[in-house]
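Colleague: Right, I'll just put the structure down here and ask away after.
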Amino acid sequence: CWEVRKHNSSEWCRFVRSNPDCRLDGGFLDYLEGVFCVFPPRLLPLAVTLYALWLLYLFIILGVTAEKFFCPNLSAISTNLKLSHNVAVSLPPVFPLTPLLHGVTFLAFGNGAPDVFSAVVAFSDPRTAGLAIGAVFGAGVFVTTVVAGGIALVKPFTAASRPFLRDVIFYMVAVFLTFMVLYFGRITLGEALGYLGLYVFYVFTVVLCTWIHRRQRGEGLAPPRPWEPEMPTDAEEPESSGTNSGDYGEEYQPLLPSRETSLRILTAALSPLDYRKWRRKPWYWRLFKVFKVPVELVLLLTVPVVDPDKDDLNWKRPLNCLHILTSPLLCILTLKSGAYGLYQIQGVFPVWALVTLVGFVLAIIAFITTSNEEPPKYHCVFAFLGFLASAMWINAAATELVNILRTLGVIFQLSNTVLGLTLLAWGNSIGDTFSDLTMARQGYPRMAFSACFGGIIFNILVGVGLGCLLQMTGSQPVVKLEPDGLLVWILAGALGLSLVFSFVSVPAQCFQLGKAYGACLILYYLAFLCVALLTEFRVIRLSA
């Protein structure tokens, strides 16, 4: 499909429509046909600008869905099912490993959901597999250099030795496995399962090491050292993860109890704005919030959120009953880009109409049999429904994201690998960047630094392993990978070299990381980016 720009502009549309390689798998919009058929050639810059803005908005959709809907429902599911009980039951009460296990499993899944879904979508087509490789490696280089270096520049600190060495060793093993997979150009069923098995082993190692460390420290937790700030408690957290602006705390609750009407509850629950917070925030926060409000409003309408930390578990009777109708409808209309939802039963009755009818009946029954004041016993089911609905939203946004990146690659004659290591990697890492740097400025640089290495282990192992595993069939349990020439090897080598640099230099500095270390990492990333771009534009190339 790259050959389209080599033809006369009057032939672009016919070429795109007749070339099978120009067909985008999945997605609701055909971006290639849009830019080459809908827009005239002279308005190509306008089309690119609109696509770029839509790309930024897709990243906002991914971030909002993962942060405010996907993660809270994951936390509620793990709490309701007590999934960490088997691990913690044999330990003394003074060694609570439940939050730790949640952190390396559910929290990692929630934070890495956009990266993993993007990788799964990209691996679904051999033509975009390079996009996934570029994003996984590119995000790894970016986080371990720019973000880790930024933390050291913002707040010099002493790194936790054992967690750092453990995470870097596991990450180097994951990078080496991926390097070998790229070298052979394929990944088998055993190798895909090996990726997932390695992450399970990593989780087991984290839990075991933490348990042993706490046993060695005695009955109680030792007081923190001068360079080790205490962990923030729930009371110190500035705001809740919920999105409902109707819960303003005890200060704003009425003195006399009163029953709210269902209409008032629905209106408050659907408001994505907290007007008291709005007045206190700066202008740039308000501007960003304006862009997020439409996304949050649609998500509030279609995705239920269960919050175990609230007394009412975030039960909003009218809205949750509406979710019984909207969430299944959303799932069926986003699955395979609506192909299943538009399917007609015996050529007469569409599936979406059947789902709407059943959902409407169940919503009426739920509304009649429940009250506004107390959540029903089956309220935990809404956490599973919210998890599924938010996952479908993330998958739909990731599909559009991959398709629009491939379109930009065709327009600018760029490989999928360079798009993955730049736009896709930056977009998926921007949230981690701001959160880690903010955490460092607030006095928790060790926690932020650990997140740099711990989080991307999940992304590479689960992203590659699960992404390839889902594409395998019984007749062909192999996924072929076609590296985009020299650039992939530069990317893999740069990531491996940055890990080796940190693995050697951090212990050499006695784990005391300062501004010199941070500056070296950032300069390293800039040099890598220059080499990658020069390779992409054929300035650097292998001699024949």
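Ordering of the structure tokens sets the chain letters (A, B, ...); residue numbers start at 1 within each chain; ligands are numbered from 1 in the order shown.
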Could you list, as a PyMOL selection string, every residue within 8 Å of Thr128 in chain A, counting only C-alpha atoms and ignoring same-chain residues fewer than 6 positions away?
Modeller: chain A and resi 122+402+406+416
Colleague: Please produce an output containing N, CA and C atoms for each residue in the selection, written as a PDB file, in the first residue's frame.
Modeller:
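Just written: out28.pdb:
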ATOM      1  N   ALA A 122      -2.360  -4.956  17.283  1.00  0.00           N
ATOM      2  CA  ALA A 122      -1.301  -4.866  16.275  1.00  0.00           C
ATOM      3  C   ALA A 122      -0.833  -6.249  15.825  1.00  0.00           C
ATOM      4  N   VAL A 402      -4.365   1.849  16.189  1.00  0.00           N
ATOM      5  CA  VAL A 402      -3.457   1.110  15.305  1.00  0.00           C
ATOM      6  C   VAL A 402      -3.756   1.427  13.839  1.00  0.00           C
ATOM      7  N   ARG A 406      -1.200   3.261  11.167  1.00  0.00           N
ATOM      8  CA  ARG A 406      -0.827   2.629   9.893  1.00  0.00           C
ATOM      9  C   ARG A 406      -1.122   3.568   8.726  1.00  0.00           C
ATOM     10  N   ASN A 416       6.196   0.793  10.286  1.00  0.00           N
ATOM     11  CA  ASN A 416       5.409   0.596  11.504  1.00  0.00           C
ATOM     12  C   ASN A 416       6.278   0.646  12.759  1.00  0.00           C
TER      13      ASN A 416
END
Colleague: As an MDAnalysis selection string, please: the residues near range 354-365 of chain A (cut-off 9 Å, only C-alpha atoms, same-chain neighbours under 3 positions excluded).
Modeller: chainID A and resid 320:329 332 341 349:351 368:370
Colleague: Would you write out those residues with N, CA and C atoms, as a short mmCIF file (atom, residue, chain, number, x, y, z; two decimals), in the first residue's frame?
Modeller:
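Writing done, so here's result16.cif:
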data_model
loop_
_atom_site.label_atom_id
_atom_site.label_comp_id
_atom_site.auth_asym_id
_atom_site.auth_seq_id
_atom_site.Cartn_x
_atom_site.Cartn_y
_atom_site.Cartn_z
N ASN A 320 -27.31 2.49 37.50
CA ASN A 320 -26.92 1.09 37.38
C ASN A 320 -27.96 0.26 36.64
N CYS A 321 -29.24 0.58 36.84
CA CYS A 321 -30.27 -0.11 36.06
C CYS A 321 -30.16 0.25 34.57
N LEU A 322 -29.80 1.49 34.29
CA LEU A 322 -29.57 1.89 32.89
C LEU A 322 -28.37 1.13 32.31
N HIS A 323 -27.35 0.87 33.16
CA HIS A 323 -26.18 0.13 32.69
C HIS A 323 -26.53 -1.29 32.26
N ILE A 324 -27.56 -1.87 32.86
CA ILE A 324 -27.97 -3.22 32.46
C ILE A 324 -28.38 -3.24 30.99
N LEU A 325 -28.87 -2.10 30.51
CA LEU A 325 -29.25 -1.99 29.09
C LEU A 325 -28.08 -1.56 28.23
N THR A 326 -27.34 -0.52 28.66
CA THR A 326 -26.32 0.08 27.80
C THR A 326 -25.03 -0.73 27.71
N SER A 327 -24.61 -1.37 28.81
CA SER A 327 -23.33 -2.09 28.79
C SER A 327 -23.34 -3.29 27.84
N PRO A 328 -24.34 -4.20 27.92
CA PRO A 328 -24.36 -5.30 26.94
C PRO A 328 -24.50 -4.80 25.50
N LEU A 329 -25.28 -3.71 25.32
CA LEU A 329 -25.44 -3.16 23.97
C LEU A 329 -24.11 -2.64 23.45
N ILE A 332 -21.82 -5.67 22.43
CA ILE A 332 -22.18 -6.36 21.20
C ILE A 332 -21.93 -5.47 19.98
N GLY A 341 -23.15 -7.50 16.28
CA GLY A 341 -24.35 -6.76 16.67
C GLY A 341 -25.30 -6.53 15.52
N PHE A 349 -34.39 -10.57 12.48
CA PHE A 349 -34.29 -9.83 13.74
C PHE A 349 -32.81 -9.61 14.08
N PRO A 350 -32.33 -8.35 14.15
CA PRO A 350 -30.91 -8.11 14.44
C PRO A 350 -30.56 -8.44 15.90
N VAL A 351 -29.30 -8.83 16.10
CA VAL A 351 -28.84 -9.22 17.44
C VAL A 351 -28.91 -8.04 18.40
N ILE A 368 -37.33 -2.28 39.92
CA ILE A 368 -38.49 -2.53 40.79
C ILE A 368 -38.08 -3.23 42.08
N THR A 369 -37.11 -4.13 42.00
CA THR A 369 -36.76 -4.97 43.15
C THR A 369 -35.64 -4.39 44.01
N THR A 370 -35.15 -3.17 43.73
CA THR A 370 -34.08 -2.57 44.52
C THR A 370 -34.51 -1.21 45.04
#
Colleague: Taking 2 positions as the minimum chain separation for residues in the same chain, which residues sit within 12 Å of Cys530 in chain A when counting only C-alpha atoms? Answer as a PDB file with all heavy atoms, in the first residue's frame.
Modeller:
ATOM      1  N   VAL A 418       8.979   2.528  13.417  1.00  0.00           N
ATOM      2  CA  VAL A 418       9.287   3.892  13.860  1.00  0.00           C
ATOM      3  C   VAL A 418       8.040   4.576  14.412  1.00  0.00           C
ATOM      4  O   VAL A 418       8.118   5.377  15.351  1.00  0.00           O
ATOM      5  CB  VAL A 418       9.926   4.705  12.710  1.00  0.00           C
ATOM      6  CG1 VAL A 418       8.889   5.193  11.718  1.00  0.00           C
ATOM      7  CG2 VAL A 418      10.703   5.890  13.271  1.00  0.00           C
ATOM      8  N   THR A 422       7.808   5.767  18.454  1.00  0.00           N
ATOM      9  CA  THR A 422       7.622   7.206  18.700  1.00  0.00           C
ATOM     10  C   THR A 422       6.191   7.496  19.163  1.00  0.00           C
ATOM     11  O   THR A 422       5.936   7.595  20.353  1.00  0.00           O
ATOM     12  CB  THR A 422       7.956   8.011  17.433  1.00  0.00           C
ATOM     13  OG1 THR A 422       7.198   7.481  16.320  1.00  0.00           O
ATOM     14  CG2 THR A 422       9.437   7.929  17.125  1.00  0.00           C
ATOM     15  N   LEU A 487      16.214  -1.189  11.655  1.00  0.00           N
ATOM     16  CA  LEU A 487      15.684  -0.375  12.740  1.00  0.00           C
ATOM     17  C   LEU A 487      15.269  -1.218  13.943  1.00  0.00           C
ATOM     18  O   LEU A 487      15.461  -0.815  15.091  1.00  0.00           O
ATOM     19  CB  LEU A 487      14.479   0.437  12.230  1.00  0.00           C
ATOM     20  CG  LEU A 487      13.846   1.406  13.231  1.00  0.00           C
ATOM     21  CD1 LEU A 487      14.873   2.407  13.733  1.00  0.00           C
ATOM     22  CD2 LEU A 487      12.664   2.119  12.606  1.00  0.00           C
ATOM     23  N   ILE A 490      18.354  -2.071  15.934  1.00  0.00           N
ATOM     24  CA  ILE A 490      18.830  -0.892  16.662  1.00  0.00           C
ATOM     25  C   ILE A 490      17.973  -0.657  17.896  1.00  0.00           C
ATOM     26  O   ILE A 490      18.476  -0.351  18.990  1.00  0.00           O
ATOM     27  CB  ILE A 490      18.816   0.344  15.742  1.00  0.00           C
ATOM     28  CG1 ILE A 490      19.893   0.209  14.661  1.00  0.00           C
ATOM     29  CG2 ILE A 490      19.013   1.629  16.535  1.00  0.00           C
ATOM     30  CD1 ILE A 490      19.899   1.344  13.667  1.00  0.00           C
ATOM     31  N   LEU A 491      16.654  -0.822  17.742  1.00  0.00           N
ATOM     32  CA  LEU A 491      15.727  -0.616  18.856  1.00  0.00           C
ATOM     33  C   LEU A 491      15.975  -1.644  19.965  1.00  0.00           C
ATOM     34  O   LEU A 491      16.076  -1.282  21.149  1.00  0.00           O
ATOM     35  CB  LEU A 491      14.295  -0.720  18.339  1.00  0.00           C
ATOM     36  CG  LEU A 491      13.152  -0.516  19.331  1.00  0.00           C
ATOM     37  CD1 LEU A 491      13.300   0.799  20.054  1.00  0.00           C
ATOM     38  CD2 LEU A 491      11.827  -0.587  18.605  1.00  0.00           C
ATOM     39  N   ALA A 494      19.338  -0.928  21.603  1.00  0.00           N
ATOM     40  CA  ALA A 494      19.308   0.265  22.450  1.00  0.00           C
ATOM     41  C   ALA A 494      18.656  -0.028  23.789  1.00  0.00           C
ATOM     42  O   ALA A 494      19.125   0.440  24.839  1.00  0.00           O
ATOM     43  CB  ALA A 494      18.571   1.392  21.737  1.00  0.00           C
ATOM     44  N   LEU A 523      20.259  12.001  27.746  1.00  0.00           N
ATOM     45  CA  LEU A 523      21.122  12.170  26.579  1.00  0.00           C
ATOM     46  C   LEU A 523      21.209  10.879  25.764  1.00  0.00           C
ATOM     47  O   LEU A 523      21.261  10.913  24.526  1.00  0.00           O
ATOM     48  CB  LEU A 523      22.521  12.616  27.031  1.00  0.00           C
ATOM     49  CG  LEU A 523      22.617  14.044  27.578  1.00  0.00           C
ATOM     50  CD1 LEU A 523      24.012  14.311  28.110  1.00  0.00           C
ATOM     51  CD2 LEU A 523      22.245  15.056  26.497  1.00  0.00           C
ATOM     52  N   TYR A 524      21.211   9.750  26.465  1.00  0.00           N
ATOM     53  CA  TYR A 524      21.236   8.458  25.778  1.00  0.00           C
ATOM     54  C   TYR A 524      19.982   8.290  24.916  1.00  0.00           C
ATOM     55  O   TYR A 524      20.067   7.839  23.766  1.00  0.00           O
ATOM     56  CB  TYR A 524      21.334   7.321  26.801  1.00  0.00           C
ATOM     57  CG  TYR A 524      21.270   5.939  26.202  1.00  0.00           C
ATOM     58  CD1 TYR A 524      22.408   5.316  25.719  1.00  0.00           C
ATOM     59  CD2 TYR A 524      20.061   5.253  26.104  1.00  0.00           C
ATOM     60  CE1 TYR A 524      22.359   4.045  25.151  1.00  0.00           C
ATOM     61  CE2 TYR A 524      19.992   3.985  25.538  1.00  0.00           C
ATOM     62  CZ  TYR A 524      21.149   3.393  25.071  1.00  0.00           C
ATOM     63  OH  TYR A 524      21.084   2.146  24.514  1.00  0.00           O
ATOM     64  N   TYR A 525      18.816   8.663  25.439  1.00  0.00           N
ATOM     65  CA  TYR A 525      17.576   8.520  24.673  1.00  0.00           C
ATOM     66  C   TYR A 525      17.587   9.437  23.454  1.00  0.00           C
ATOM     67  O   TYR A 525      17.152   9.033  22.364  1.00  0.00           O
ATOM     68  CB  TYR A 525      16.365   8.833  25.542  1.00  0.00           C
ATOM     69  CG  TYR A 525      15.054   8.650  24.799  1.00  0.00           C
ATOM     70  CD1 TYR A 525      14.530   7.388  24.581  1.00  0.00           C
ATOM     71  CD2 TYR A 525      14.367   9.746  24.280  1.00  0.00           C
ATOM     72  CE1 TYR A 525      13.350   7.203  23.882  1.00  0.00           C
ATOM     73  CE2 TYR A 525      13.178   9.581  23.582  1.00  0.00           C
ATOM     74  CZ  TYR A 525      12.678   8.300  23.389  1.00  0.00           C
ATOM     75  OH  TYR A 525      11.510   8.137  22.683  1.00  0.00           O
ATOM     76  N   LEU A 526      18.077  10.665  23.613  1.00  0.00           N
ATOM     77  CA  LEU A 526      18.133  11.581  22.477  1.00  0.00           C
ATOM     78  C   LEU A 526      19.055  11.044  21.391  1.00  0.00           C
ATOM     79  O   LEU A 526      18.743  11.135  20.186  1.00  0.00           O
ATOM     80  CB  LEU A 526      18.599  12.964  22.951  1.00  0.00           C
ATOM     81  CG  LEU A 526      17.638  13.705  23.892  1.00  0.00           C
ATOM     82  CD1 LEU A 526      18.262  15.014  24.357  1.00  0.00           C
ATOM     83  CD2 LEU A 526      16.308  13.972  23.203  1.00  0.00           C
ATOM     84  N   ALA A 527      20.199  10.471  21.802  1.00  0.00           N
ATOM     85  CA  ALA A 527      21.109   9.886  20.817  1.00  0.00           C
ATOM     86  C   ALA A 527      20.457   8.698  20.114  1.00  0.00           C
ATOM     87  O   ALA A 527      20.569   8.545  18.879  1.00  0.00           O
ATOM     88  CB  ALA A 527      22.403   9.451  21.511  1.00  0.00           C
ATOM     89  N   PHE A 528      19.761   7.851  20.887  1.00  0.00           N
ATOM     90  CA  PHE A 528      19.062   6.713  20.284  1.00  0.00           C
ATOM     91  C   PHE A 528      18.003   7.174  19.288  1.00  0.00           C
ATOM     92  O   PHE A 528      17.868   6.619  18.188  1.00  0.00           O
ATOM     93  CB  PHE A 528      18.418   5.862  21.382  1.00  0.00           C
ATOM     94  CG  PHE A 528      17.183   5.129  20.943  1.00  0.00           C
ATOM     95  CD1 PHE A 528      17.269   4.033  20.107  1.00  0.00           C
ATOM     96  CD2 PHE A 528      15.918   5.561  21.341  1.00  0.00           C
ATOM     97  CE1 PHE A 528      16.122   3.361  19.682  1.00  0.00           C
ATOM     98  CE2 PHE A 528      14.782   4.904  20.932  1.00  0.00           C
ATOM     99  CZ  PHE A 528      14.885   3.797  20.089  1.00  0.00           C
ATOM    100  N   ALA A 532      17.765   6.253  15.377  1.00  0.00           N
ATOM    101  CA  ALA A 532      16.590   5.565  14.848  1.00  0.00           C
ATOM    102  C   ALA A 532      15.991   6.325  13.669  1.00  0.00           C
ATOM    103  O   ALA A 532      15.631   5.728  12.639  1.00  0.00           O
ATOM    104  CB  ALA A 532      15.549   5.390  15.950  1.00  0.00           C
ATOM    105  N   LEU A 533      15.870   7.641  13.786  1.00  0.00           N
ATOM    106  CA  LEU A 533      15.289   8.441  12.702  1.00  0.00           C
ATOM    107  C   LEU A 533      16.210   8.476  11.482  1.00  0.00           C
ATOM    108  O   LEU A 533      15.745   8.422  10.335  1.00  0.00           O
ATOM    109  CB  LEU A 533      15.000   9.856  13.202  1.00  0.00           C
ATOM    110  CG  LEU A 533      13.889   9.967  14.260  1.00  0.00           C
ATOM    111  CD1 LEU A 533      13.721  11.404  14.725  1.00  0.00           C
ATOM    112  CD2 LEU A 533      12.566   9.421  13.726  1.00  0.00           C
ATOM    113  N   LEU A 534      17.527   8.574  11.722  1.00  0.00           N
ATOM    114  CA  LEU A 534      18.465   8.546  10.597  1.00  0.00           C
ATOM    115  C   LEU A 534      18.419   7.203   9.877  1.00  0.00           C
ATOM    116  O   LEU A 534      18.548   7.130   8.654  1.00  0.00           O
ATOM    117  CB  LEU A 534      19.880   8.837  11.098  1.00  0.00           C
ATOM    118  CG  LEU A 534      20.149  10.272  11.564  1.00  0.00           C
ATOM    119  CD1 LEU A 534      21.552  10.391  12.148  1.00  0.00           C
ATOM    120  CD2 LEU A 534      19.972  11.269  10.422  1.00  0.00           C
ATOM    121  N   THR A 535      18.216   6.124  10.630  1.00  0.00           N
ATOM    122  CA  THR A 535      18.075   4.801  10.013  1.00  0.00           C
ATOM    123  C   THR A 535      16.785   4.702   9.211  1.00  0.00           C
ATOM    124  O   THR A 535      16.756   4.144   8.109  1.00  0.00           O
ATOM    125  CB  THR A 535      18.097   3.710  11.095  1.00  0.00           C
ATOM    126  OG1 THR A 535      19.296   3.830  11.869  1.00  0.00           O
ATOM    127  CG2 THR A 535      18.033   2.329  10.476  1.00  0.00           C
ATOM    128  N   GLU A 536      15.708   5.263   9.754  1.00  0.00           N
ATOM    129  CA  GLU A 536      14.421   5.221   9.061  1.00  0.00           C
ATOM    130  C   GLU A 536      14.477   5.961   7.730  1.00  0.00           C
ATOM    131  O   GLU A 536      13.899   5.516   6.727  1.00  0.00           O
ATOM    132  CB  GLU A 536      13.339   5.830   9.958  1.00  0.00           C
ATOM    133  CG  GLU A 536      11.987   5.983   9.310  1.00  0.00           C
ATOM    134  CD  GLU A 536      11.334   4.653   8.961  1.00  0.00           C
ATOM    135  OE1 GLU A 536      11.732   3.615   9.531  1.00  0.00           O
ATOM    136  OE2 GLU A 536      10.422   4.648   8.121  1.00  0.00           O
ATOM    137  N   PHE A 537      15.209   7.090   7.696  1.00  0.00           N
ATOM    138  CA  PHE A 537      15.282   7.884   6.465  1.00  0.00           C
ATOM    139  C   PHE A 537      16.483   7.512   5.604  1.00  0.00           C
ATOM    140  O   PHE A 537      16.906   8.298   4.754  1.00  0.00           O
ATOM    141  CB  PHE A 537      15.319   9.370   6.823  1.00  0.00           C
ATOM    142  CG  PHE A 537      14.042   9.860   7.451  1.00  0.00           C
ATOM    143  CD1 PHE A 537      14.029  10.309   8.767  1.00  0.00           C
ATOM    144  CD2 PHE A 537      12.852   9.838   6.751  1.00  0.00           C
ATOM    145  CE1 PHE A 537      12.849  10.748   9.358  1.00  0.00           C
ATOM    146  CE2 PHE A 537      11.673  10.280   7.331  1.00  0.00           C
ATOM    147  CZ  PHE A 537      11.667  10.735   8.648  1.00  0.00           C
ATOM    148  N   VAL A 539      19.583   7.387   5.997  1.00  0.00           N
ATOM    149  CA  VAL A 539      20.882   8.047   6.136  1.00  0.00           C
ATOM    150  C   VAL A 539      21.902   7.046   6.671  1.00  0.00           C
ATOM    151  O   VAL A 539      23.058   7.020   6.250  1.00  0.00           O
ATOM    152  CB  VAL A 539      20.771   9.278   7.058  1.00  0.00           C
ATOM    153  CG1 VAL A 539      22.142   9.938   7.250  1.00  0.00           C
ATOM    154  CG2 VAL A 539      19.779  10.279   6.483  1.00  0.00           C
ATOM    155  N   ILE A 540      21.456   6.232   7.649  1.00  0.00           N
ATOM    156  CA  ILE A 540      22.275   5.133   8.153  1.00  0.00           C
ATOM    157  C   ILE A 540      21.692   3.847   7.573  1.00  0.00           C
ATOM    158  O   ILE A 540      20.514   3.555   7.751  1.00  0.00           O
ATOM    159  CB  ILE A 540      22.260   5.081   9.692  1.00  0.00           C
ATOM    160  CG1 ILE A 540      22.849   6.362  10.281  1.00  0.00           C
ATOM    161  CG2 ILE A 540      23.034   3.875  10.201  1.00  0.00           C
ATOM    162  CD1 ILE A 540      22.790   6.413  11.797  1.00  0.00           C
TER     163      ILE A 540
END
Colleague: For CA of Phe123 in chain A and CA of Ile460 in chain A, quote the distance in Å rounded to one decimal.
Modeller: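 Between CA of Phe123 in chain A and CA of Ile460 in chain A the gap is 12.9 Å.
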Colleague: Which residues are close to range 164-177 of chain A, i.e. within 9 Å by only C-alpha atoms, leaving aside same-chain residues fewer than 5 positions away? Reply as a list in words.
Modeller: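 Returned residues: Phe137, Ala159, Leu182, Glu191, Tyr195, Leu198, Tyr199, Tyr202, Thr205, Val206, Phe449, Ser450, Phe453, Gly454, Ile456, Ile457, Ile460, Leu461, Ala492, Leu495, Gly496, Leu499, Val500, Ser502, Phe503 and Pro507 of chain A.
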